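Enquirer: Quick one: this structure, given as structure tokens, is what I'll be asking you about.
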Amino acid sequence: MTIPVICLAGPTAAGKSATTLALAQRWPIEIVIVDSATIYRGMDIGTAKPSAAEQAIAPHHLLDIRDPAESYSAAEFQRDAAALIQAITARGNIPLLCGGTMLYYKALREGLNELPAADPVIRAQIDGEAQESGWPELHRQLAGFDPATAARLAPNDSQRLQRAIEIYRVSGRPMSSWLADARPKQDNSLEFITVSLEPSDRLALHARIAQRYQAMMEQGLLQEVQALHQRPDLHTGLPSVRCVGYRQLWDYLDGKQDKRQAIEQAIAATRQLAKRQLTWLRSQPDRHIIDCLAPDAARQAVDKIAQFWPDRPLVTPR
């Protein structure tokens with residue numbers, strides 16, 4: 001017997017949170033957050049983390065589960081999300097996956113390749129080299145021993161470049177070779193129903209991204225990053241600090257650029273993130289597309305999901 005799981009996906013600023021709350025008013029759902037940034041405590045504004053009032057509407061899982069000095073892998077998400085789906089279903093509720101970290105979706109839906117474990121010492125060495133010569137130079141080096149991986153990574157994609165170089169230095173084999181040999185382990189007990197919030201006009205989404213980041217700045221995002229920057233145990237080699245919108249302000253606080261440049265680069269990086277998210281979504285042929293720019297996008301999503309649960313009871317007052 002398969003367990004039906006709703007996946008509410010979409011690029012950043014597509015309105016996933018508002019749609020989630022509309023679903024929570026219709027069905028007894030529990031939300032499993034699919035986001036590699038909202039897992040960190042103290043990173044609330046820049047991650048658009050659900051407010052306390054929003055979290056009170058329906059249970060939210062995998063929020064604030066790590067300190068920014070810690071890491072959290074796709075394999076850990078796969079394990080945690082699978083366990084949560086079983087527990088939520090056992091309680092008679094509907095598991096809803098919601099977020100924009102497509103690697104996490106991929107890990108749960110398709111399984112993961114078996115790759116070498118992370119090595120903190122080698123990662124620190126790579127970060128030091130990047131500080132000296134820049135990530136584009138490390139990208140050039142990667143092309144020398146793993147051209148296939150280099151071809152699919154951007155020269156400034158620090159997190160993925162670091163991992164690809166790390167794998168080669170740990171094992172002596174390029175990442176592309178590992179991926180070709182390993183076969184992901186899939187969980188066939190889950191049936192994924194994907195509703196994808198996608199823009200009919202990408203420029204309109206770009207404008208929404210810019211407006212949202214400016215609003216975050218007005219809400220105190222810079223002060224939030226300053227509090228992190230003052231911690232001696234945090235640095236640019238950590239996934240938390242490399243989060244889009246945080247790394248750019250971190251560079252401003254380090255004196256590498258002025259505030260205006262940092263904001264412009266953060267907005268540009270967020271748009272690039274949205275582009276990558278949409279590229280992955282379009283590779284999923286079974287998704288049900290809702291125009292996220294439509295004024296009734298949340299209602300459309302509710303109506304679409306209702307097609308799969310015509311007999312499910314409505315939510316009872318909490």
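For the structure tokens, the naming scheme is as follows: chains receive sequential letters (A, B, ...) according to their order of presentation, residues are indexed from 1 within each chain, and ligands are indexed from 1 in presentation order.
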Check the DSSP output for the backbone and give back, as an mmCIF file with N, CA and C atoms, in the first residue's frame, the residues of range 9-206 of chain A in strand (DSSP E or B).
Expert:
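File produced: result-v7.cif:
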```
data_model
loop_
_atom_site.group_PDB
_atom_site.id
_atom_site.type_symbol
_atom_site.label_atom_id
_atom_site.label_comp_id
_atom_site.auth_asym_id
_atom_site.auth_seq_id
_atom_site.Cartn_x
_atom_site.Cartn_y
_atom_site.Cartn_z
ATOM 1 N N ALA A 9 5.593 22.620 -4.508
ATOM 2 C CA ALA A 9 6.909 23.104 -4.902
ATOM 3 C C ALA A 9 6.785 24.399 -5.694
ATOM 4 N N ILE A 29 -3.606 18.800 7.637
ATOM 5 C CA ILE A 29 -2.268 18.543 7.112
ATOM 6 C C ILE A 29 -1.217 18.822 8.174
ATOM 7 N N GLU A 30 -0.073 18.184 7.988
ATOM 8 C CA GLU A 30 1.135 18.534 8.739
ATOM 9 C C GLU A 30 2.213 18.819 7.708
ATOM 10 N N ILE A 31 2.948 19.887 7.919
ATOM 11 C CA ILE A 31 3.858 20.403 6.904
ATOM 12 C C ILE A 31 5.293 19.971 7.203
ATOM 13 N N VAL A 32 5.903 19.333 6.225
ATOM 14 C CA VAL A 32 7.318 18.981 6.296
ATOM 15 C C VAL A 32 8.056 19.982 5.416
ATOM 16 N N ILE A 33 8.844 20.852 6.032
ATOM 17 C CA ILE A 33 9.531 21.908 5.302
ATOM 18 C C ILE A 33 10.703 21.327 4.508
ATOM 19 N N TYR A 40 17.944 26.415 10.063
ATOM 20 C CA TYR A 40 18.881 27.050 10.984
ATOM 21 C C TYR A 40 18.192 28.010 11.953
ATOM 22 N N HIS A 60 4.391 22.361 11.799
ATOM 23 C CA HIS A 60 5.500 22.494 10.859
ATOM 24 C C HIS A 60 6.673 21.675 11.383
ATOM 25 N N HIS A 61 7.251 20.871 10.515
ATOM 26 C CA HIS A 61 8.382 20.020 10.906
ATOM 27 C C HIS A 61 9.650 20.429 10.159
ATOM 28 N N ARG A 66 18.837 22.978 13.418
ATOM 29 C CA ARG A 66 20.296 23.039 13.437
ATOM 30 C C ARG A 66 20.760 24.442 13.831
ATOM 31 N N ILE A 94 -2.547 14.390 6.745
ATOM 32 C CA ILE A 94 -1.974 14.347 5.408
ATOM 33 C C ILE A 94 -0.601 15.010 5.432
ATOM 34 N N PRO A 95 0.459 14.304 5.022
ATOM 35 C CA PRO A 95 1.782 14.934 4.957
ATOM 36 C C PRO A 95 1.879 15.843 3.738
ATOM 37 N N LEU A 96 2.328 17.067 3.957
ATOM 38 C CA LEU A 96 2.523 18.039 2.881
ATOM 39 C C LEU A 96 3.975 18.472 2.886
ATOM 40 N N LEU A 97 4.681 18.188 1.811
ATOM 41 C CA LEU A 97 6.051 18.659 1.650
ATOM 42 C C LEU A 97 5.990 20.025 0.990
ATOM 43 N N CYS A 98 6.657 21.004 1.577
ATOM 44 C CA CYS A 98 6.605 22.356 1.026
ATOM 45 C C CYS A 98 7.963 23.025 1.160
ATOM 46 N N LEU A 190 5.901 5.470 -1.323
ATOM 47 C CA LEU A 190 5.331 6.812 -1.329
ATOM 48 C C LEU A 190 4.835 7.181 -2.716
ATOM 49 N N GLU A 191 3.652 7.788 -2.781
ATOM 50 C CA GLU A 191 3.089 8.282 -4.031
ATOM 51 C C GLU A 191 3.059 9.807 -3.964
ATOM 52 N N PHE A 192 3.865 10.457 -4.790
ATOM 53 C CA PHE A 192 4.014 11.900 -4.732
ATOM 54 C C PHE A 192 3.053 12.589 -5.699
ATOM 55 N N ILE A 193 2.310 13.542 -5.167
ATOM 56 C CA ILE A 193 1.397 14.363 -5.964
ATOM 57 C C ILE A 193 1.962 15.780 -5.916
ATOM 58 N N THR A 194 2.545 16.211 -7.019
ATOM 59 C CA THR A 194 3.275 17.475 -7.033
ATOM 60 C C THR A 194 2.452 18.590 -7.656
ATOM 61 N N VAL A 195 2.186 19.615 -6.868
ATOM 62 C CA VAL A 195 1.574 20.848 -7.354
ATOM 63 C C VAL A 195 2.683 21.897 -7.407
ATOM 64 N N SER A 196 2.912 22.430 -8.594
ATOM 65 C CA SER A 196 4.049 23.319 -8.807
ATOM 66 C C SER A 196 3.568 24.737 -9.108
ATOM 67 N N LEU A 197 3.972 25.680 -8.265
ATOM 68 C CA LEU A 197 3.644 27.088 -8.460
ATOM 69 C C LEU A 197 4.718 27.710 -9.350
ATOM 70 N N GLU A 198 4.360 28.028 -10.592
ATOM 71 C CA GLU A 198 5.331 28.535 -11.561
ATOM 72 C C GLU A 198 4.813 29.823 -12.201
#
```
Enquirer: Would you list the contacts of range 305-308 of chain A as a ChimeraX atom specification, taking every protein, DNA or RNA residue within 12 Å and counting only C-alpha atoms, but skipping same-chain residues closer than 3 positions in sequence?
Expert: /A:4-8,19-20,22-24,26-27,94,96,191-196,287-290,298-302,311-314
Enquirer: Those same residues, written as a compact mmCIF listing (two decimals), in the first residue's frame with C-alpha atoms?
Expert:
```txt
# COMPACT_ATOMS: atom_id res chain seq x y z
CA PRO A 4 0.02 9.65 -0.88
CA VAL A 5 2.22 12.68 -0.22
CA ILE A 6 1.45 16.20 -1.45
CA CYS A 7 4.45 18.14 -2.71
CA LEU A 8 3.91 21.88 -2.96
CA THR A 19 -0.87 28.36 -0.43
CA THR A 20 0.16 26.04 2.39
CA ALA A 22 -4.96 27.76 2.45
CA LEU A 23 -4.53 23.98 2.34
CA ALA A 24 -4.34 23.83 6.14
CA ARG A 26 -9.22 22.73 4.20
CA TRP A 27 -7.57 19.50 5.38
CA ILE A 94 -1.97 14.35 5.41
CA LEU A 96 2.52 18.04 2.88
CA GLU A 191 3.09 8.28 -4.03
CA PHE A 192 4.01 11.90 -4.73
CA ILE A 193 1.40 14.36 -5.96
CA THR A 194 3.27 17.48 -7.03
CA VAL A 195 1.57 20.85 -7.35
CA SER A 196 4.05 23.32 -8.81
CA ARG A 287 3.64 17.92 -11.89
CA HIS A 288 0.41 19.92 -11.86
CA ILE A 289 1.19 23.54 -12.74
CA ILE A 290 -0.49 26.55 -11.13
CA ALA A 298 -3.93 29.38 -3.59
CA ARG A 299 -7.55 28.49 -4.37
CA GLN A 300 -6.50 26.79 -7.61
CA ALA A 301 -4.03 24.67 -5.66
CA VAL A 302 -6.73 23.68 -3.18
CA ASP A 311 -13.68 11.94 0.30
CA ARG A 312 -11.13 13.22 2.82
CA PRO A 313 -12.71 14.96 5.84
CA LEU A 314 -12.31 18.69 6.13
```
Enquirer: Select from range 71-144 of chain A every residue with an atom at most 8 Å from any atom of range 154-172 of chain A, then for each give the shortest pair of atoms and their distance in Å to one decimal, using only C-alpha atoms, rows by chain and rising number, as JSON lines.
Expert:
```
{"residue": "A:Leu115", "atom": "CA", "partner": "A:Ile167", "partner_atom": "CA", "distance": 7.7}
{"residue": "A:Pro116", "atom": "CA", "partner": "A:Ile167", "partner_atom": "CA", "distance": 6.3}
{"residue": "A:Ala118", "atom": "CA", "partner": "A:Glu166", "partner_atom": "CA", "distance": 7.5}
{"residue": "A:Asp119", "atom": "CA", "partner": "A:Glu166", "partner_atom": "CA", "distance": 7.5}
{"residue": "A:Ile122", "atom": "CA", "partner": "A:Glu166", "partner_atom": "CA", "distance": 6.4}
{"residue": "A:Arg123", "atom": "CA", "partner": "A:Glu166", "partner_atom": "CA", "distance": 6.5}
{"residue": "A:Ile126", "atom": "CA", "partner": "A:Gln162", "partner_atom": "CA", "distance": 6.6}
{"residue": "A:Asp127", "atom": "CA", "partner": "A:Gln162", "partner_atom": "CA", "distance": 7.6}
{"residue": "A:Trp135", "atom": "CA", "partner": "A:Asn156", "partner_atom": "CA", "distance": 5.5}
{"residue": "A:Pro136", "atom": "CA", "partner": "A:Pro155", "partner_atom": "CA", "distance": 4.6}
{"residue": "A:Glu137", "atom": "CA", "partner": "A:Pro155", "partner_atom": "CA", "distance": 8.0}
{"residue": "A:Leu138", "atom": "CA", "partner": "A:Leu161", "partner_atom": "CA", "distance": 7.6}
{"residue": "A:His139", "atom": "CA", "partner": "A:Pro155", "partner_atom": "CA", "distance": 5.4}
{"residue": "A:Arg140", "atom": "CA", "partner": "A:Pro155", "partner_atom": "CA", "distance": 7.9}
{"residue": "A:Leu142", "atom": "CA", "partner": "A:Ile165", "partner_atom": "CA", "distance": 6.6}
```
Enquirer: Save out the residues we just selected, all heavy atoms, as a short mmCIF file (atom, residue, chain, number, x, y, z; two decimals), in the first residue's frame.
Expert:
```
data_model
loop_
_atom_site.label_atom_id
_atom_site.label_comp_id
_atom_site.auth_asym_id
_atom_site.auth_seq_id
_atom_site.Cartn_x
_atom_site.Cartn_y
_atom_site.Cartn_z
N LEU A 115 27.88 8.33 -2.09
CA LEU A 115 29.08 9.13 -2.34
C LEU A 115 29.96 9.14 -1.09
O LEU A 115 29.46 8.88 0.02
CB LEU A 115 28.69 10.56 -2.71
CG LEU A 115 27.88 10.74 -4.00
CD1 LEU A 115 27.44 12.20 -4.14
CD2 LEU A 115 28.67 10.30 -5.21
N PRO A 116 31.24 9.44 -1.23
CA PRO A 116 32.12 9.50 -0.05
C PRO A 116 31.62 10.50 0.98
O PRO A 116 31.03 11.52 0.63
CB PRO A 116 33.47 9.94 -0.65
CG PRO A 116 33.41 9.51 -2.07
CD PRO A 116 31.98 9.66 -2.48
N ALA A 118 31.67 13.40 3.88
CA ALA A 118 32.34 14.70 3.94
C ALA A 118 33.58 14.63 4.83
O ALA A 118 33.64 13.87 5.78
CB ALA A 118 31.37 15.76 4.48
N ASP A 119 34.58 15.42 4.49
CA ASP A 119 35.82 15.50 5.26
C ASP A 119 36.04 16.96 5.66
O ASP A 119 36.41 17.79 4.82
CB ASP A 119 36.99 14.99 4.42
CG ASP A 119 38.28 14.89 5.22
OD1 ASP A 119 38.60 15.84 5.95
OD2 ASP A 119 38.97 13.85 5.11
N ILE A 122 39.50 18.60 4.63
CA ILE A 122 39.65 18.90 3.21
C ILE A 122 38.75 20.06 2.81
O ILE A 122 39.14 20.93 2.02
CB ILE A 122 39.36 17.64 2.37
CG1 ILE A 122 40.49 16.62 2.56
CG2 ILE A 122 39.17 17.98 0.89
CD1 ILE A 122 40.33 15.34 1.80
N ARG A 123 37.55 20.11 3.37
CA ARG A 123 36.65 21.23 3.07
C ARG A 123 37.28 22.56 3.48
O ARG A 123 37.18 23.56 2.76
CB ARG A 123 35.31 21.05 3.78
CG ARG A 123 34.45 19.99 3.14
CD ARG A 123 33.02 20.08 3.61
NE ARG A 123 32.17 19.20 2.80
CZ ARG A 123 30.85 19.15 2.86
NH1 ARG A 123 30.22 19.96 3.70
NH2 ARG A 123 30.16 18.35 2.09
N ILE A 126 39.89 23.55 0.96
CA ILE A 126 39.29 24.06 -0.28
C ILE A 126 38.78 25.49 -0.08
O ILE A 126 38.98 26.35 -0.94
CB ILE A 126 38.15 23.13 -0.74
CG1 ILE A 126 38.70 21.75 -1.10
CG2 ILE A 126 37.40 23.73 -1.93
CD1 ILE A 126 37.63 20.69 -1.32
N ASP A 127 38.16 25.73 1.07
CA ASP A 127 37.68 27.08 1.36
C ASP A 127 38.83 28.08 1.42
O ASP A 127 38.71 29.22 0.95
CB ASP A 127 36.90 27.10 2.68
CG ASP A 127 35.51 26.48 2.56
OD1 ASP A 127 34.95 26.54 1.44
OD2 ASP A 127 35.00 25.95 3.55
N TRP A 135 36.54 31.20 -6.49
CA TRP A 135 35.88 29.97 -6.94
C TRP A 135 36.01 29.74 -8.45
O TRP A 135 36.10 28.58 -8.88
CB TRP A 135 34.41 29.99 -6.52
CG TRP A 135 34.24 29.74 -5.04
CD1 TRP A 135 33.91 30.65 -4.09
CD2 TRP A 135 34.45 28.50 -4.35
NE1 TRP A 135 33.88 30.05 -2.85
CE2 TRP A 135 34.20 28.73 -2.98
CE3 TRP A 135 34.81 27.22 -4.76
CZ2 TRP A 135 34.31 27.73 -2.02
CZ3 TRP A 135 34.92 26.20 -3.81
CH2 TRP A 135 34.68 26.47 -2.45
N PRO A 136 36.03 30.77 -9.30
CA PRO A 136 36.23 30.50 -10.73
C PRO A 136 37.54 29.77 -11.03
O PRO A 136 37.60 28.93 -11.94
CB PRO A 136 36.21 31.91 -11.34
CG PRO A 136 35.31 32.69 -10.43
CD PRO A 136 35.65 32.18 -9.06
N GLU A 137 38.59 30.06 -10.26
CA GLU A 137 39.85 29.36 -10.46
C GLU A 137 39.71 27.89 -10.04
O GLU A 137 40.22 26.99 -10.72
CB GLU A 137 40.96 30.03 -9.65
CG GLU A 137 42.26 29.23 -9.55
CD GLU A 137 42.89 28.90 -10.90
OE1 GLU A 137 42.60 29.61 -11.90
OE2 GLU A 137 43.67 27.94 -10.97
N LEU A 138 39.00 27.62 -8.94
CA LEU A 138 38.78 26.23 -8.54
C LEU A 138 37.89 25.51 -9.55
O LEU A 138 38.05 24.31 -9.79
CB LEU A 138 38.16 26.17 -7.14
CG LEU A 138 39.08 26.62 -6.00
CD1 LEU A 138 38.39 26.44 -4.65
CD2 LEU A 138 40.39 25.87 -6.01
N HIS A 139 36.96 26.24 -10.14
CA HIS A 139 36.13 25.66 -11.21
C HIS A 139 37.01 25.26 -12.39
O HIS A 139 36.82 24.18 -13.00
CB HIS A 139 35.07 26.67 -11.64
CG HIS A 139 34.15 26.17 -12.71
ND1 HIS A 139 34.41 26.33 -14.06
CD2 HIS A 139 32.96 25.50 -12.62
CE1 HIS A 139 33.43 25.79 -14.76
NE2 HIS A 139 32.54 25.27 -13.91
N ARG A 140 37.99 26.11 -12.72
CA ARG A 140 38.92 25.78 -13.81
C ARG A 140 39.73 24.53 -13.47
O ARG A 140 39.93 23.66 -14.34
CB ARG A 140 39.86 26.97 -14.06
CG ARG A 140 40.75 26.81 -15.28
CD ARG A 140 41.87 27.84 -15.29
NE ARG A 140 42.80 27.64 -14.18
CZ ARG A 140 43.74 26.69 -14.17
NH1 ARG A 140 43.87 25.86 -15.18
NH2 ARG A 140 44.54 26.58 -13.12
N LEU A 142 38.75 22.11 -11.45
CA LEU A 142 37.81 20.97 -11.51
C LEU A 142 37.66 20.48 -12.94
O LEU A 142 37.60 19.27 -13.19
CB LEU A 142 36.46 21.40 -10.94
CG LEU A 142 35.32 20.36 -11.03
CD1 LEU A 142 35.64 19.15 -10.14
CD2 LEU A 142 33.99 20.99 -10.61
#
```
Enquirer: Provide the CA of Ala297 in chain A to CA of Ala266 in chain A distance in Å, to one decimal place.
Expert: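 Interatomic distance, CA of Ala297 in chain A to CA of Ala266 in chain A: 26.7 Å.
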Enquirer: Suppose you want the space between CA of Gln211 in chain A and CA of Ala52 in chain A; what is it in Å?
Expert: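 So the two atoms, CA of Gln211 in chain A and CA of Ala52 in chain A, lie 22.8 Å apart.
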Enquirer: One decimal, Å: what's the distance from CA of Ser200 in chain A over to CA of Trp280 in chain A, could you say?
Expert: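 These atoms are spaced 16.5 Å apart.
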Enquirer: Tell me, as a list in words, which residues lie within 8 Å of range 204-207 of chain A, counting only C-alpha atoms; anything in the same chain fewer than 4 positions away does not count.
Expert: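 The residues satisfying every condition are Ala13, Ala14, Pro199, Gln211, Arg271 and Leu293 of chain A.
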Enquirer: Just all heavy atoms for this one: save the residues we selected as an mmCIF file, in the first residue's frame.
Expert:
```
data_model
loop_
_atom_site.group_PDB
_atom_site.id
_atom_site.type_symbol
_atom_site.label_atom_id
_atom_site.label_comp_id
_atom_site.auth_asym_id
_atom_site.auth_seq_id
_atom_site.Cartn_x
_atom_site.Cartn_y
_atom_site.Cartn_z
ATOM 1 N N ALA A 13 9.761 32.954 -3.699
ATOM 2 C CA ALA A 13 8.806 34.062 -3.877
ATOM 3 C C ALA A 13 7.592 33.685 -4.714
ATOM 4 O O ALA A 13 6.882 34.550 -5.200
ATOM 5 C CB ALA A 13 9.491 35.290 -4.480
ATOM 6 N N ALA A 14 7.328 32.374 -4.855
ATOM 7 C CA ALA A 14 6.172 31.943 -5.644
ATOM 8 C C ALA A 14 4.876 31.934 -4.841
ATOM 9 O O ALA A 14 3.806 31.728 -5.406
ATOM 10 C CB ALA A 14 6.425 30.551 -6.228
ATOM 11 N N PRO A 199 5.703 30.759 -12.505
ATOM 12 C CA PRO A 199 5.256 32.052 -13.049
ATOM 13 C C PRO A 199 4.962 31.991 -14.544
ATOM 14 O O PRO A 199 5.719 31.393 -15.314
ATOM 15 C CB PRO A 199 6.444 32.966 -12.767
ATOM 16 C CG PRO A 199 7.630 32.053 -12.843
ATOM 17 C CD PRO A 199 7.161 30.729 -12.276
ATOM 18 N N GLN A 211 11.268 42.970 -4.658
ATOM 19 C CA GLN A 211 10.416 43.609 -3.656
ATOM 20 C C GLN A 211 10.506 42.873 -2.321
ATOM 21 O O GLN A 211 10.560 43.496 -1.252
ATOM 22 C CB GLN A 211 8.966 43.644 -4.150
ATOM 23 C CG GLN A 211 8.748 44.578 -5.326
ATOM 24 C CD GLN A 211 7.413 44.348 -6.023
ATOM 25 O OE1 GLN A 211 6.614 43.493 -5.609
ATOM 26 N NE2 GLN A 211 7.165 45.098 -7.085
ATOM 27 N N ARG A 271 17.447 35.471 -7.944
ATOM 28 C CA ARG A 271 16.857 35.205 -9.259
ATOM 29 C C ARG A 271 17.498 33.994 -9.911
ATOM 30 O O ARG A 271 16.819 33.195 -10.562
ATOM 31 C CB ARG A 271 17.007 36.445 -10.149
ATOM 32 C CG ARG A 271 16.098 37.604 -9.730
ATOM 33 C CD ARG A 271 16.431 38.889 -10.472
ATOM 34 N NE ARG A 271 15.480 39.949 -10.137
ATOM 35 C CZ ARG A 271 15.664 41.232 -10.416
ATOM 36 N NH1 ARG A 271 16.773 41.621 -11.033
ATOM 37 N NH2 ARG A 271 14.743 42.121 -10.089
ATOM 38 N N LEU A 293 1.416 33.649 -10.266
ATOM 39 C CA LEU A 293 1.097 35.066 -10.364
ATOM 40 C C LEU A 293 -0.413 35.319 -10.402
ATOM 41 O O LEU A 293 -0.849 36.476 -10.305
ATOM 42 C CB LEU A 293 1.748 35.666 -11.613
ATOM 43 C CG LEU A 293 3.281 35.527 -11.701
ATOM 44 C CD1 LEU A 293 3.778 36.049 -13.033
ATOM 45 C CD2 LEU A 293 3.955 36.250 -10.542
#
```
Enquirer: Excluding same-chain residues fewer than 4 positions from Arg276 in chain A, what lies within 12 Å of it counting only C-alpha atoms, as a list in words?
Expert: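 So, after excluding close chain neighbours, the residues are Gly10, Pro11, Thr12, Gly100, Thr101, Met102, Leu103, Arg152, Leu153, Ala154, Asp157, Ala269, Thr270, Arg271, Gln272, Trp280, Leu281, Arg282 and Ser283 of chain A.
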Enquirer: So which one's closest to Ala151 in chain A, A:Val121, A:Ser176, A:Gln284, A:Ala227? Using only C-alpha atoms, please.
Expert: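 Ranking A:Val121, A:Ser176, A:Gln284, A:Ala227 by distance to Ala151 in chain A, first place goes to A:Ser176.
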Enquirer: Residues near Asp64 in chain A, anyone? I mean within 12 Å using only C-alpha atoms, not counting same-chain ones fewer than 3 positions away, as a PyMOL selection string.
Expert: chain A and resi 33+35-44+47+49-50+60-61+67-68+70+72
Enquirer: Go through range 91-306 of chain A and collect every residue that DSSP, computed from the backbone, puts in helix (DSSP H, G or I); the answer should be as a PyMOL selection string.
Expert: chain A and resi 102-110+120-133+135-145+147-152+158-171+175-181+202-219+221-229+247-253+259-281+297-306
Enquirer: Just the residues within 12 Å of Ala268 in chain A, please, counting only C-alpha atoms, with nothing from its chain fewer than 2 positions along; format it as a list in words.
Expert: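 Here the answer would be His206, Ala207, Ile209, Ala210, Tyr213, Val244, Gly245, Gln248, Gln261, Ala262, Ile263, Glu264, Gln265, Ala266, Thr270, Arg271, Gln272, Leu273, Ala274 and Lys275 of chain A.
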Enquirer: Given only C-alpha atoms as the basis, pick out the residue of A:Ile57, A:Leu234, A:Tyr104, A:Gln214 nearest to Ala75 in chain A.
Expert: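 Of A:Ile57, A:Leu234, A:Tyr104, A:Gln214, the one nearest Ala75 in chain A, counting only C-alpha atoms, is A:Tyr104.
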